[in-house]
Structures are given as structure tokens and as C-alpha cells.
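Reproduced below: start07.pdb, with PDB, C-alpha atoms (C1' of nucleotides).
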ATOM      1  CA  MET A1018     -80.074 -50.577 -91.433
ATOM      2  CA  ARG A1019     -78.572 -51.630 -88.130
ATOM      3  CA  ASP A1020     -75.225 -53.012 -87.045
ATOM      4  CA  LEU A1021     -73.271 -51.763 -89.991
ATOM      5  CA  ALA A1022     -69.597 -52.538 -90.277
ATOM      6  CA  ILE A1023     -67.391 -49.534 -90.868
ATOM      7  CA  GLY A1024     -67.114 -50.270 -94.565
ATOM      8  CA  GLU A1025     -70.897 -50.356 -94.939
ATOM      9  CA  LEU A1026     -71.211 -47.064 -93.093
ATOM     10  CA  ALA A1027     -68.578 -45.682 -95.415
ATOM     11  CA  GLY A1028     -70.532 -46.974 -98.387
ATOM     12  CA  THR A1029     -73.844 -45.456 -97.353
ATOM     13  CA  THR A1030     -72.383 -42.072 -96.476
ATOM     14  CA  GLY A1031     -69.754 -41.740 -99.184
ATOM     15  CA  CYS A1032     -67.076 -41.296 -96.567
ATOM     16  CA  LYS A1033     -63.831 -43.227 -96.478
ATOM     17  CA  VAL A1034     -63.211 -45.805 -93.771
ATOM     18  CA  GLN A1035     -60.108 -44.042 -92.510
ATOM     19  CA  THR A1036     -61.973 -40.776 -92.367
ATOM     20  CA  ILE A1037     -64.614 -42.303 -90.097
ATOM     21  CA  ARG A1038     -61.937 -43.579 -87.738
ATOM     22  CA  TYR A1039     -60.333 -40.158 -87.880
ATOM     23  CA  TYR A1040     -63.608 -38.485 -86.920
ATOM     24  CA  GLU A1041     -63.901 -40.862 -83.996
ATOM     25  CA  GLN A1042     -60.365 -40.089 -82.939
ATOM     26  CA  ILE A1043     -60.941 -36.337 -82.906
ATOM     27  CA  GLY A1044     -64.243 -36.752 -81.116
ATOM     28  CA  LEU A1045     -66.651 -35.795 -83.890
ATOM     29  CA  MET A1046     -68.082 -39.289 -83.997
ATOM     30  CA  PRO A1047     -68.732 -41.277 -80.793
ATOM     31  CA  HIS A1048     -66.974 -44.513 -79.962
ATOM     32  CA  PRO A1049     -69.369 -47.105 -81.382
ATOM     33  CA  PRO A1050     -69.983 -50.511 -79.806
ATOM     34  CA  ARG A1051     -67.611 -53.240 -80.883
ATOM     35  CA  THR A1052     -67.998 -56.908 -81.697
ATOM     36  CA  SER A1053     -66.244 -59.451 -79.487
ATOM     37  CA  GLY A1054     -63.530 -59.410 -82.109
ATOM     38  CA  GLY A1055     -63.090 -55.666 -81.727
ATOM     39  CA  GLN A1056     -64.740 -54.433 -84.913
ATOM     40  CA  ARG A1057     -66.900 -51.302 -84.882
ATOM     41  CA  ARG A1058     -70.633 -51.709 -85.402
ATOM     42  CA  TYR A1059     -72.819 -48.736 -86.265
ATOM     43  CA  ALA A1060     -76.528 -47.978 -85.900
ATOM     44  CA  ASP A1061     -78.870 -45.486 -87.577
ATOM     45  CA  GLU A1062     -77.895 -42.655 -85.267
ATOM     46  CA  HIS A1063     -74.328 -42.980 -86.479
ATOM     47  CA  VAL A1064     -75.437 -42.896 -90.083
ATOM     48  CA  SER A1065     -77.245 -39.602 -89.651
ATOM     49  CA  ARG A1066     -74.524 -38.048 -87.551
ATOM     50  CA  LEU A1067     -71.921 -38.922 -90.140
ATOM     51  CA  ALA A1068     -74.191 -37.725 -92.935
ATOM     52  CA  PHE A1069     -74.511 -34.447 -91.057
ATOM     53  CA  ILE A1070     -70.760 -34.142 -90.742
ATOM     54  CA  ARG A1071     -70.034 -35.031 -94.362
ATOM     55  CA  HIS A1072     -72.679 -32.726 -95.662
ATOM     56  CA  ALA A1073     -71.457 -29.867 -93.542
ATOM     57  CA  ARG A1074     -67.878 -30.527 -94.662
ATOM     58  CA  ASP A1075     -68.971 -30.503 -98.281
ATOM     59  CA  LEU A1076     -70.677 -27.191 -97.644
ATOM     60  CA  GLY A1077     -67.321 -25.900 -96.554
ATOM     61  CA  PHE A1078     -67.730 -25.831 -92.769
ATOM     62  CA  ASP A1079     -64.499 -26.611 -91.031
ATOM     63  CA  ILE A1080     -64.283 -29.192 -88.271
ATOM     64  CA  GLU A1081     -64.491 -26.580 -85.549
ATOM     65  CA  ALA A1082     -67.724 -25.126 -86.936
ATOM     66  CA  ILE A1083     -69.175 -28.622 -87.175
ATOM     67  CA  ARG A1084     -68.205 -29.307 -83.606
ATOM     68  CA  GLN A1085     -70.132 -26.187 -82.590
ATOM     69  CA  LEU A1086     -73.111 -27.184 -84.668
ATOM     70  CA  LEU A1087     -73.134 -30.668 -83.153
ATOM     71  CA  ALA A1088     -72.819 -29.282 -79.651
ATOM     72  CA  LEU A1089     -75.765 -27.029 -80.413
ATOM     73  CA  ALA A1090     -77.740 -29.909 -81.862
ATOM     74  CA  ASP A1091     -77.054 -31.962 -78.747
ATOM     75  CA  GLN A1092     -78.794 -29.308 -76.644
ATOM     76  CA  PRO A1093     -82.061 -28.813 -78.501
ATOM     77  CA  ASP A1094     -83.406 -26.305 -75.982
ATOM     78  CA  LEU A1095     -81.217 -23.519 -77.242
ATOM     79  CA  ARG A1096     -82.529 -21.094 -79.800
ATOM     80  CA  CYS A1097     -81.461 -21.682 -83.348
ATOM     81  CA  GLY A1098     -80.360 -18.105 -83.901
ATOM     82  CA  GLU A1099     -76.825 -19.197 -83.312
ATOM     83  CA  VAL A1100     -77.042 -21.888 -85.955
ATOM     84  CA  ASP A1101     -78.613 -19.388 -88.307
ATOM     85  CA  GLN A1102     -75.720 -17.019 -87.668
ATOM     86  CA  ILE A1103     -73.126 -19.597 -88.538
ATOM     87  CA  ALA A1104     -75.003 -20.395 -91.731
ATOM     88  CA  ARG A1105     -75.255 -16.731 -92.724
ATOM     89  CA  GLN A1106     -71.574 -16.267 -92.164
ATOM     90  CA  ARG A1107     -70.911 -19.235 -94.419
ATOM     91  CA  VAL A1108     -73.044 -17.734 -97.188
ATOM     92  CA  ALA A1109     -71.014 -14.561 -97.018
ATOM     93  CA  GLU A1110     -67.815 -16.577 -97.269
ATOM     94  CA  ILE A1111     -69.183 -18.528-100.203
ATOM     95  CA  ASP A1112     -70.067 -15.292-101.969
ATOM     96  CA  THR A1113     -66.545 -14.010-101.513
ATOM     97  CA  LYS A1114     -65.080 -17.239-102.824
ATOM     98  CA  ILE A1115     -67.315 -17.181-105.893
ATOM     99  CA  GLU A1116     -66.354 -13.601-106.639
ATOM    100  CA  GLN A1117     -62.666 -14.366-106.321
ATOM    101  CA  LEU A1118     -62.956 -17.372-108.584
ATOM    102  CA  ALA A1119     -64.857 -15.382-111.188
ATOM    103  CA  GLY A1120     -62.035 -12.843-111.168
ATOM    104  CA  LEU A1121     -59.404 -15.517-111.570
ATOM    105  CA  ARG A1122     -61.392 -17.096-114.344
ATOM    106  CA  SER A1123     -61.560 -13.940-116.396
ATOM    107  CA  GLU A1124     -57.867 -13.342-115.981
ATOM    108  CA  MET A1125     -57.100 -16.882-117.056
ATOM    109  CA  LYS A1126     -59.336 -16.502-120.096
ATOM    110  CA  ARG A1127     -57.645 -13.267-120.996
ATOM    111  CA  MET A1128     -54.239 -14.904-120.775
ATOM    112  CA  ILE A1129     -55.375 -17.789-122.960
ATOM    113  CA  ARG A1130     -56.742 -15.405-125.579
ATOM    114  CA  GLN A1131     -53.383 -13.692-125.739
ATOM    115  CA  CYS A1132     -51.483 -16.921-126.181
ATOM    116  CA  LYS A1133     -50.383 -16.948-129.812
ATOM    117  CA  ARG A1134     -49.426 -20.633-129.715
ATOM    118  CA  GLY A1135     -45.996 -19.648-130.883
ATOM    119  CA  ARG A1136     -42.748 -20.041-129.000
ATOM    120  CA  ILE A1137     -42.728 -19.654-125.266
ATOM    121  CA  SER A1138     -40.603 -16.552-125.596
ATOM    122  CA  GLU A1139     -43.695 -14.889-127.091
ATOM    123  CA  CYS A1140     -46.181 -16.575-124.806
ATOM    124  CA  ARG A1141     -48.292 -14.022-123.002
ATOM    125  CA  ILE A1142     -49.274 -16.414-120.238
ATOM    126  CA  ILE A1143     -45.825 -16.636-118.789
ATOM    127  CA  GLY A1144     -45.239 -12.955-119.394
ATOM    128  CA  THR A1145     -48.434 -12.053-117.623
ATOM    129  CA  LEU A1146     -47.703 -14.274-114.674
ATOM    130  CA  ALA A1147     -44.205 -12.866-114.366
ATOM    131  CA  ASN A1148     -45.356  -9.256-114.434
ATOM    132  CA  PRO A1149     -45.739  -7.949-110.908
ATOM    133  CA  ALA A1150     -48.104  -5.253-112.166
ATOM    134  CA  PHE A1151     -50.739  -7.900-112.813
ATOM    135  CA  THR A1152     -51.826  -8.263-109.257
ATOM    136  CA  TYR A1153     -54.678  -5.780-109.458
ATOM    137  CA  TRP A1154     -57.362  -8.386-109.027
ATOM    138  CA  ARG A1155     -56.277  -9.518-105.579
TER     139      ARG A1155
ATOM    140  CA  MET B 140     -33.436  -2.768-107.058
ATOM    141  CA  ARG B 141     -30.427  -5.007-106.515
ATOM    142  CA  ASP B 142     -29.059  -6.952-103.572
ATOM    143  CA  LEU B 143     -32.244  -7.177-101.624
ATOM    144  CA  ALA B 144     -32.320  -8.860 -98.241
ATOM    145  CA  ILE B 145     -34.965 -11.518 -97.843
ATOM    146  CA  GLY B 146     -37.249  -9.175 -95.941
ATOM    147  CA  GLU B 147     -37.116  -6.590 -98.716
ATOM    148  CA  LEU B 148     -37.894  -9.243-101.318
ATOM    149  CA  ALA B 149     -40.788 -10.309 -99.135
ATOM    150  CA  GLY B 150     -41.949  -6.712 -98.958
ATOM    151  CA  THR B 151     -41.857  -6.096-102.700
ATOM    152  CA  THR B 152     -43.603  -9.349-103.608
ATOM    153  CA  GLY B 153     -46.087  -9.616-100.789
ATOM    154  CA  CYS B 154     -44.697 -12.975 -99.797
ATOM    155  CA  LYS B 155     -43.657 -13.945 -96.280
ATOM    156  CA  VAL B 156     -40.022 -14.461 -95.430
ATOM    157  CA  GLN B 157     -40.551 -18.046 -94.334
ATOM    158  CA  THR B 158     -42.425 -18.778 -97.514
ATOM    159  CA  ILE B 159     -39.474 -17.620 -99.615
ATOM    160  CA  ARG B 160     -37.143 -19.891 -97.687
ATOM    161  CA  TYR B 161     -39.671 -22.679 -98.124
ATOM    162  CA  TYR B 162     -39.753 -22.141-101.904
ATOM    163  CA  GLU B 163     -35.979 -22.321-101.953
ATOM    164  CA  GLN B 164     -36.058 -25.506 -99.934
ATOM    165  CA  ILE B 165     -38.449 -27.245-102.317
ATOM    166  CA  GLY B 166     -36.515 -26.000-105.334
ATOM    167  CA  LEU B 167     -38.981 -23.458-106.731
ATOM    168  CA  MET B 168     -36.611 -20.608-106.029
ATOM    169  CA  PRO B 169     -32.870 -20.953-106.657
ATOM    170  CA  HIS B 170     -30.281 -20.741-103.916
ATOM    171  CA  PRO B 171     -29.374 -17.050-103.997
ATOM    172  CA  PRO B 172     -25.880 -15.734-103.310
ATOM    173  CA  ARG B 173     -25.072 -15.071 -99.679
ATOM    174  CA  THR B 174     -23.174 -12.384 -97.840
ATOM    175  CA  SER B 175     -20.010 -13.372 -96.016
ATOM    176  CA  GLY B 176     -22.189 -13.618 -92.952
ATOM    177  CA  GLY B 177     -24.520 -16.101 -94.621
ATOM    178  CA  GLN B 178     -27.509 -13.880 -95.380
ATOM    179  CA  ARG B 179     -29.376 -14.283 -98.678
ATOM    180  CA  ARG B 180     -29.147 -11.474-101.219
ATOM    181  CA  TYR B 181     -31.567 -11.243-104.112
ATOM    182  CA  ALA B 182     -31.422  -9.587-107.544
ATOM    183  CA  ASP B 183     -34.101  -8.528-110.040
ATOM    184  CA  GLU B 184     -34.365 -12.002-111.559
ATOM    185  CA  HIS B 185     -35.398 -13.320-108.170
ATOM    186  CA  VAL B 186     -38.017 -10.647-107.808
ATOM    187  CA  SER B 187     -39.697 -11.567-111.084
ATOM    188  CA  ARG B 188     -39.434 -15.287-110.494
ATOM    189  CA  LEU B 189     -41.047 -14.946-107.088
ATOM    190  CA  ALA B 190     -43.692 -12.616-108.512
ATOM    191  CA  PHE B 191     -44.445 -15.270-111.098
ATOM    192  CA  ILE B 192     -44.780 -17.938-108.423
ATOM    193  CA  ARG B 193     -46.977 -15.829-106.161
ATOM    194  CA  HIS B 194     -49.206 -14.758-108.970
ATOM    195  CA  ALA B 195     -49.623 -18.297-110.200
ATOM    196  CA  ARG B 196     -50.341 -19.479-106.649
ATOM    197  CA  ASP B 197     -52.953 -16.776-106.253
ATOM    198  CA  LEU B 198     -54.526 -17.990-109.496
ATOM    199  CA  GLY B 199     -54.810 -21.372-107.838
ATOM    200  CA  PHE B 200     -52.033 -23.245-109.609
ATOM    201  CA  ASP B 201     -50.501 -25.797-107.297
ATOM    202  CA  ILE B 202     -46.781 -26.030-106.743
ATOM    203  CA  GLU B 203     -46.419 -28.900-109.188
ATOM    204  CA  ALA B 204     -48.097 -26.952-111.993
ATOM    205  CA  ILE B 205     -45.869 -23.981-111.262
ATOM    206  CA  ARG B 206     -42.837 -26.201-111.390
ATOM    207  CA  GLN B 207     -43.941 -27.313-114.873
ATOM    208  CA  LEU B 208     -44.577 -23.745-115.982
ATOM    209  CA  LEU B 209     -41.164 -22.648-114.759
ATOM    210  CA  ALA B 210     -39.456 -25.569-116.461
ATOM    211  CA  LEU B 211     -41.241 -24.600-119.668
ATOM    212  CA  ALA B 212     -40.287 -20.955-119.270
ATOM    213  CA  ASP B 213     -36.656 -21.963-118.839
ATOM    214  CA  GLN B 214     -36.671 -23.517-122.328
ATOM    215  CA  PRO B 215     -37.886 -20.667-124.518
ATOM    216  CA  ASP B 216     -37.617 -22.615-127.765
ATOM    217  CA  LEU B 217     -40.531 -24.899-127.022
ATOM    218  CA  ARG B 218     -43.983 -24.118-128.325
ATOM    219  CA  CYS B 219     -46.354 -22.566-125.862
ATOM    220  CA  GLY B 220     -49.200 -24.994-126.524
ATOM    221  CA  GLU B 221     -48.306 -26.824-123.381
ATOM    222  CA  VAL B 222     -48.583 -23.701-121.285
ATOM    223  CA  ASP B 223     -51.914 -22.946-122.905
ATOM    224  CA  GLN B 224     -53.087 -26.451-121.994
ATOM    225  CA  ILE B 225     -52.198 -26.036-118.356
ATOM    226  CA  ALA B 226     -54.043 -22.727-118.266
ATOM    227  CA  ARG B 227     -57.138 -24.204-119.937
ATOM    228  CA  GLN B 228     -57.201 -27.013-117.440
ATOM    229  CA  ARG B 229     -57.150 -24.441-114.668
ATOM    230  CA  VAL B 230     -60.149 -22.672-116.169
ATOM    231  CA  ALA B 231     -62.057 -25.941-116.238
ATOM    232  CA  GLU B 232     -61.217 -26.526-112.572
ATOM    233  CA  ILE B 233     -62.303 -23.018-111.686
ATOM    234  CA  ASP B 234     -65.607 -23.537-113.494
ATOM    235  CA  THR B 235     -66.274 -26.709-111.535
ATOM    236  CA  LYS B 236     -65.544 -24.974-108.254
ATOM    237  CA  ILE B 237     -67.799 -22.062-109.086
ATOM    238  CA  GLU B 238     -70.647 -24.414-109.969
ATOM    239  CA  GLN B 239     -70.227 -26.326-106.728
ATOM    240  CA  LEU B 240     -70.140 -23.171-104.666
ATOM    241  CA  ALA B 241     -73.250 -21.833-106.363
ATOM    242  CA  GLY B 242     -75.021 -25.067-105.438
ATOM    243  CA  LEU B 243     -73.852 -24.843-101.856
ATOM    244  CA  ARG B 244     -74.929 -21.259-101.672
ATOM    245  CA  SER B 245     -78.479 -21.957-102.724
ATOM    246  CA  GLU B 246     -78.776 -24.764-100.239
ATOM    247  CA  MET B 247     -77.472 -22.578 -97.444
ATOM    248  CA  LYS B 248     -79.980 -19.867 -98.372
ATOM    249  CA  ARG B 249     -82.768 -22.402 -98.390
ATOM    250  CA  MET B 250     -81.736 -23.620 -94.954
ATOM    251  CA  ILE B 251     -81.677 -20.086 -93.616
ATOM    252  CA  ARG B 252     -85.155 -19.430 -95.014
ATOM    253  CA  GLN B 253     -86.449 -22.518 -93.283
ATOM    254  CA  CYS B 254     -85.005 -21.608 -89.941
ATOM    255  CA  LYS B 255     -87.960 -20.307 -87.982
ATOM    256  CA  ARG B 256     -85.739 -18.832 -85.304
ATOM    257  CA  GLY B 257     -87.348 -21.138 -82.819
ATOM    258  CA  ARG B 258     -85.718 -23.905 -80.864
ATOM    259  CA  ILE B 259     -83.080 -26.054 -82.456
ATOM    260  CA  SER B 260     -85.401 -28.996 -82.346
ATOM    261  CA  GLU B 261     -87.407 -27.201 -85.054
ATOM    262  CA  CYS B 262     -84.427 -25.739 -86.831
ATOM    263  CA  ARG B 263     -84.240 -26.931 -90.392
ATOM    264  CA  ILE B 264     -80.549 -26.216 -90.725
ATOM    265  CA  ILE B 265     -79.397 -29.089 -88.617
ATOM    266  CA  GLY B 266     -82.140 -31.328 -89.941
ATOM    267  CA  THR B 267     -81.257 -30.520 -93.491
ATOM    268  CA  LEU B 268     -77.607 -31.121 -92.950
ATOM    269  CA  ALA B 269     -78.314 -34.412 -91.250
ATOM    270  CA  ASN B 270     -80.541 -35.640 -94.071
ATOM    271  CA  PRO B 271     -78.568 -37.894 -96.361
ATOM    272  CA  ALA B 272     -81.011 -37.178 -99.198
ATOM    273  CA  PHE B 273     -79.666 -33.641 -99.439
ATOM    274  CA  THR B 274     -76.588 -34.490-101.361
ATOM    275  CA  TYR B 275     -78.047 -33.795-104.798
ATOM    276  CA  TRP B 276     -75.917 -30.790-105.413
ATOM    277  CA  ARG B 277     -72.592 -32.542-105.267
TER     278      ARG B 277
ATOM    279  C1'  DC C  43     -15.050   2.363 -83.662
ATOM    280  C1'  DC C  44     -18.733   0.674 -80.921
ATOM    281  C1'  DT C  45     -23.150  -0.298 -79.623
ATOM    282  C1'  DT C  46     -27.802  -1.523 -80.233
ATOM    283  C1'  DG C  47     -31.831  -3.194 -82.185
ATOM    284  C1'  DA C  48     -33.849  -4.960 -86.195
ATOM    285  C1'  DA C  49     -33.522  -8.454 -89.214
ATOM    286  C1'  DG C  50     -31.441 -12.686 -90.573
ATOM    287  C1'  DC C  51     -29.969 -17.651 -89.828
ATOM    288  C1'  DT C  52     -31.118 -22.952 -89.009
ATOM    289  C1'  DC C  53     -33.823 -26.366 -87.197
ATOM    290  C1'  DT C  54     -37.763 -28.355 -85.478
ATOM    291  C1'  DA C  55     -42.490 -28.862 -84.917
ATOM    292  C1'  DG C  56     -47.243 -27.657 -85.746
ATOM    293  C1'  DT C  57     -51.336 -26.738 -88.753
ATOM    294  C1'  DC C  58     -55.757 -28.932 -91.185
ATOM    295  C1'  DA C  59     -58.234 -32.664 -92.752
ATOM    296  C1'  DC C  60     -57.399 -36.297 -94.167
ATOM    297  C1'  DT C  61     -54.854 -40.517 -96.778
ATOM    298  C1'  DG C  62     -51.962 -44.604 -97.260
ATOM    299  C1'  DG C  63     -49.510 -48.643 -95.895
ATOM    300  C1'  DA C  64     -47.710 -52.493 -92.939
ATOM    301  C1'  DG C  65     -48.753 -56.359 -90.652
ATOM    302  C1'  DA C  66     -51.895 -58.720 -87.941
ATOM    303  C1'  DG C  67     -56.600 -60.282 -86.641
ATOM    304  C1'  DT C  68     -61.859 -61.118 -87.712
ATOM    305  C1'  DT C  69     -65.864 -62.183 -90.280
ATOM    306  C1'  DT C  70     -68.641 -64.526 -93.604
ATOM    307  C1'  DA C  71     -69.974 -67.093 -97.827
ATOM    308  C1'  DG C  72     -69.498 -71.290 -99.985
TER     309       DG C  72
ATOM    310  C1'  DC D1488     -63.278 -75.537 -92.848
ATOM    311  C1'  DT D1489     -61.169 -72.556 -95.876
ATOM    312  C1'  DA D1490     -60.303 -68.516 -98.372
ATOM    313  C1'  DA D1491     -61.332 -64.003 -99.508
ATOM    314  C1'  DA D1492     -62.713 -59.839 -97.973
ATOM    315  C1'  DC D1493     -62.839 -56.960 -94.496
ATOM    316  C1'  DT D1494     -61.162 -54.689 -90.189
ATOM    317  C1'  DC D1495     -57.876 -53.582 -86.595
ATOM    318  C1'  DT D1496     -53.939 -50.386 -84.689
ATOM    319  C1'  DC D1497     -50.147 -47.676 -85.374
ATOM    320  C1'  DC D1498     -47.318 -44.758 -87.823
ATOM    321  C1'  DA D1499     -45.988 -41.741 -91.474
ATOM    322  C1'  DG D1500     -46.984 -38.634 -95.222
ATOM    323  C1'  DT D1501     -49.579 -34.972 -97.880
ATOM    324  C1'  DG D1502     -49.655 -29.647 -99.333
ATOM    325  C1'  DA D1503     -48.432 -25.283 -98.494
ATOM    326  C1'  DC D1504     -47.170 -23.064 -95.486
ATOM    327  C1'  DT D1505     -46.552 -20.936 -90.369
ATOM    328  C1'  DA D1506     -44.474 -20.364 -85.785
ATOM    329  C1'  DG D1507     -41.011 -20.434 -82.395
ATOM    330  C1'  DA D1508     -36.419 -21.109 -80.035
ATOM    331  C1'  DG D1509     -31.974 -19.756 -79.818
ATOM    332  C1'  DC D1510     -28.392 -17.824 -82.060
ATOM    333  C1'  DT D1511     -25.760 -14.546 -85.524
ATOM    334  C1'  DT D1512     -25.264 -10.639 -88.675
ATOM    335  C1'  DC D1513     -26.094  -6.124 -90.444
ATOM    336  C1'  DA D1514     -26.492  -1.110 -90.624
ATOM    337  C1'  DA D1515     -27.185   3.273 -88.601
ATOM    338  C1'  DG D1516     -26.401   6.609 -84.855
ATOM    339  C1'  DG D1517     -23.367   8.391 -81.469
TER     340       DG D1517
END
Would you write out, as C-alpha cells, the structure that this file holds?
Amino acid sequence: MRDLAIGELAGTTGCKVQTIRYYEQIGLMPHPPRTSGGQRRYADEHVSRLAFIRHARDLGFDIEAIRQLLALADQPDLRCGEVDQIARQRVAEIDTKIEQLAGLRSEMKRMIRQCKRGRISECRIIGTLANPAFTYWR
Amino acid sequence: MRDLAIGELAGTTGCKVQTIRYYEQIGLMPHPPRTSGGQRRYADEHVSRLAFIRHARDLGFDIEAIRQLLALADQPDLRCGEVDQIARQRVAEIDTKIEQLAGLRSEMKRMIRQCKRGRISECRIIGTLANPAFTYWR
DNA sequence: CCTTGAAGCTCTAGTCACTGGAGAGTTTAG
DNA sequence: CTAAACTCTCCAGTGACTAGAGCTTCAAGG
């Protein structure tokens, strides 16, 4: 698991090649060593750092939060309360998102139920969407 | 409720002024009549069209889907099955998102539980995020 | 009628987190 | 040694807005 080309790193982490180069460019990933021909070669530490980044992204952390987390991780003598805080905040955000989506879902279902599959002029979906009164759920 | 300036339209629909101009630019909103001085003036039809767009956006439809919906609505003799289809697809997308978020949420909670509030070197949050095995929930 | 300040105008550029393509160079298996 | 597959850099584009500069127009009060 050493000296991976960028495509292999991409393969093992499920991250696209361009995305890895992008992360390097914005300073989330370090500049890796290069071959004499100029190609990037990655080691295990890069694999786990990228896995960290991807996983955090998938969890919905934005780049700035990940940068903080990485900075924290690079100074292991700090207390982890700060990390914990960021995570708790994320859970709260996730809860809000889930609630919102559940609301949207029930409104969509309601609209579909009302759709009589007739002509569009009778279609309740468009009518509902056009009605400014139906913004209660925001 | 006639001859609204762009700011008044923005006020009644909860949409920003720049966003309205943007919608006009990309062809979602029509070019409204202008005063002799070049300012846009809107009528009731614009209010409901913009309300439709905003509501659909809030429900998570993307611009392209809204464009389709509007095109459909402009031809009231078509059957509404197509509209129904678009809405059903949206529900499926919402369901997927909710599932994903629920998965993320439980992992975040687990990470928080494991955080012993000690040093980061013992903090399970960063370790968990760095572990490529923890991608099961995707 | 005139002034004044809020609101409008266009145009350009920036945001976030990538994604895609052109055109050239490098690596590796057979 | 060749050919295919991969990688390089650089630049531009995506979606859905958002912000700002610098200027013009509108409407209400005096």
C-alpha cells in the first residue's frame, strides 16, 4: 500500500482524481512527492488523510470545518472538546435538515394524492405550487 | 396589486431582488414591461409565477425541473401525468436524502459518545472519520 | 417645481466544491 | 520497443445565486 499513483489513491478512497488535485491546490492535502517524470506518488498517510476528508465531506462538513478538524488533529495535545463541539453542531444541523425534508415529503405526497391525472388545468400540483398561501411549512 | 417595482415583488414573494433579475436572465421569468426610465414593473401574473418558482425551489426542485413544470403549465391541454411523474421522482429523491442523513446522524452520535473528552490523540471522532472502513452507511 | 434619499439599473466578479476537456508528457505490460 | 493507459497543467464551466461599483430614476415633502 505504498507509492500509489493518483488514480490508485482515487480508487481506494472513492474520490475522483481531479478532486484530489483540487484538495492539494486548496491546501487540504499536502504536496506529495513526485516521480522524476513529475507524477504524484502517495503513501499510507495520504490514504488516511484523504479518507478522513472524504468521510467528513460525506457527513456534510464543509471544507472550512474539515480544515479546522485537520488543524486540530495535527496538534494532538489539545483537548477534544472542540472537536466534540463541532460534531454536536453538525448533529443539530442534520436534525434540522431531516425535519425540513420530512415536511417537504409530506407536502409532495399530498400534492400527488390530489393529482387527478386529468388535464393540467385541473392538476392540483401546479395549482398548489402557484398558490402563495402554501408556504406555511417553511 | 398591480405595477409593482422589483423591490415590492421581492417583498411579497420573499425573493431577493437580484434573484428575480437572475430568473429573468435565465428565462424563468419573462421580461416585464418597463417604465420610460427603464425600471421593471410587475403585474399579478408575475407574482404568481414567481411564487410558483420559489415554492418549487423550496421543495427542492432544480431550475431545470421548474422549467419543465412551467412549460407544462403553459400548455393546459396536456395530461398531468407528466407533472405527477416529476413530483414522484422528487419524493424518491427526498426519501434517499432522509435515509442518508439518518445514517450520518447515527454515526455522528456514536462518535460523540466515544469522545472521552480527553486529548485529541484519544478522540474517537477524528479516528473514526479517518478510518476508511467507516463508509458502510453510504 | 425642486430637492433628496431610497430604490432601481447594468455589468462584472465572486461563492462553493468540484468537474470536464485540451493537449502534452509519463509509465508499464507485453 | 511499442502501444495503451495513465498523468500532467491549465483553463473554463457548473448551479443558484450573491455582492459591489458606479450610475440613473422615482416619489414624497417642502
>> Please identify all residues of chain B having at least one atom at most 12 Å from any atom of chain D, considering only C-alpha atoms (C1' of nucleotides), and return them as a ChimeraX atom specification.
In response: /B:144,154-162,165,173-179,196,199-203
Go ahead and write the residues just picked, C-alpha atoms, as a PDB file, in the coordinates of the input.
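And here's out.pdb as it stands now:
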ATOM      1  CA  ALA B 144     -32.320  -8.860 -98.241  1.00  0.00           C
ATOM      2  CA  CYS B 154     -44.697 -12.975 -99.797  1.00  0.00           C
ATOM      3  CA  LYS B 155     -43.657 -13.945 -96.280  1.00  0.00           C
ATOM      4  CA  VAL B 156     -40.022 -14.461 -95.430  1.00  0.00           C
ATOM      5  CA  GLN B 157     -40.551 -18.046 -94.334  1.00  0.00           C
ATOM      6  CA  THR B 158     -42.425 -18.778 -97.514  1.00  0.00           C
ATOM      7  CA  ILE B 159     -39.474 -17.620 -99.615  1.00  0.00           C
ATOM      8  CA  ARG B 160     -37.143 -19.891 -97.687  1.00  0.00           C
ATOM      9  CA  TYR B 161     -39.671 -22.679 -98.124  1.00  0.00           C
ATOM     10  CA  TYR B 162     -39.753 -22.141-101.904  1.00  0.00           C
ATOM     11  CA  ILE B 165     -38.449 -27.245-102.317  1.00  0.00           C
ATOM     12  CA  ARG B 173     -25.072 -15.071 -99.679  1.00  0.00           C
ATOM     13  CA  THR B 174     -23.174 -12.384 -97.840  1.00  0.00           C
ATOM     14  CA  SER B 175     -20.010 -13.372 -96.016  1.00  0.00           C
ATOM     15  CA  GLY B 176     -22.189 -13.618 -92.952  1.00  0.00           C
ATOM     16  CA  GLY B 177     -24.520 -16.101 -94.621  1.00  0.00           C
ATOM     17  CA  GLN B 178     -27.509 -13.880 -95.380  1.00  0.00           C
ATOM     18  CA  ARG B 179     -29.376 -14.283 -98.678  1.00  0.00           C
ATOM     19  CA  ARG B 196     -50.341 -19.479-106.649  1.00  0.00           C
ATOM     20  CA  GLY B 199     -54.810 -21.372-107.838  1.00  0.00           C
ATOM     21  CA  PHE B 200     -52.033 -23.245-109.609  1.00  0.00           C
ATOM     22  CA  ASP B 201     -50.501 -25.797-107.297  1.00  0.00           C
ATOM     23  CA  ILE B 202     -46.781 -26.030-106.743  1.00  0.00           C
ATOM     24  CA  GLU B 203     -46.419 -28.900-109.188  1.00  0.00           C
TER      25      GLU B 203
END
>> Quick one: residues within 10 Å of Thr151 (chain B), only C-alpha atoms (C1' of nucleotides), excluding same-chain residues fewer than 6 positions away - as a PyMOL selection string?
In response: (chain A and resi 1149) or (chain B and resi 143+186+189-190)
> Given the file above and the PyMOL selection byres ((chain C) within 10 of (chain A)), which residues are selected, and can you give them as a PyMOL selection string?
Replying inline: chain C and resi 58-62+67-69
Take the residues from that selection and write them out as a PDB file, in the frame of the given file, keeping C-alpha atoms (C1' of nucleotides).
ATOM      1  C1'  DC C  58     -55.757 -28.932 -91.185  1.00  0.00           C
ATOM      2  C1'  DA C  59     -58.234 -32.664 -92.752  1.00  0.00           C
ATOM      3  C1'  DC C  60     -57.399 -36.297 -94.167  1.00  0.00           C
ATOM      4  C1'  DT C  61     -54.854 -40.517 -96.778  1.00  0.00           C
ATOM      5  C1'  DG C  62     -51.962 -44.604 -97.260  1.00  0.00           C
ATOM      6  C1'  DG C  67     -56.600 -60.282 -86.641  1.00  0.00           C
ATOM      7  C1'  DT C  68     -61.859 -61.118 -87.712  1.00  0.00           C
ATOM      8  C1'  DT C  69     -65.864 -62.183 -90.280  1.00  0.00           C
TER       9       DT C  69
END
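Atom pair CA of Glu1110 (chain A) / CA of Ser1123 (chain A) has a distance of 20.3 Å (rounded to one decimal).
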Long-range neighbours of Lys236 (chain B) as a PDB file with C-alpha atoms, in the coordinates of the input, 10 Å cut-off, only C-alpha atoms (C1' of nucleotides), 4 positions minimum in chain:
ATOM      1  CA  LYS A1114     -65.080 -17.239-102.824  1.00  0.00           C
ATOM      2  CA  ILE A1115     -67.315 -17.181-105.893  1.00  0.00           C
ATOM      3  CA  LEU A1118     -62.956 -17.372-108.584  1.00  0.00           C
TER       4      LEU A1118
ATOM      5  CA  VAL B 230     -60.149 -22.672-116.169  1.00  0.00           C
ATOM      6  CA  ALA B 231     -62.057 -25.941-116.238  1.00  0.00           C
ATOM      7  CA  GLU B 232     -61.217 -26.526-112.572  1.00  0.00           C
ATOM      8  CA  LEU B 240     -70.140 -23.171-104.666  1.00  0.00           C
ATOM      9  CA  ALA B 241     -73.250 -21.833-106.363  1.00  0.00           C
ATOM     10  CA  GLY B 242     -75.021 -25.067-105.438  1.00  0.00           C
TER      11      GLY B 242
END
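Our summary of the geometry notes that CA of Arg1105 (chain A) is positioned 27.1 Å from CA of Glu1062 (chain A).
The space between CA of Gly150 (chain B) and CA of Asp197 (chain B) spans 16.6 Å.
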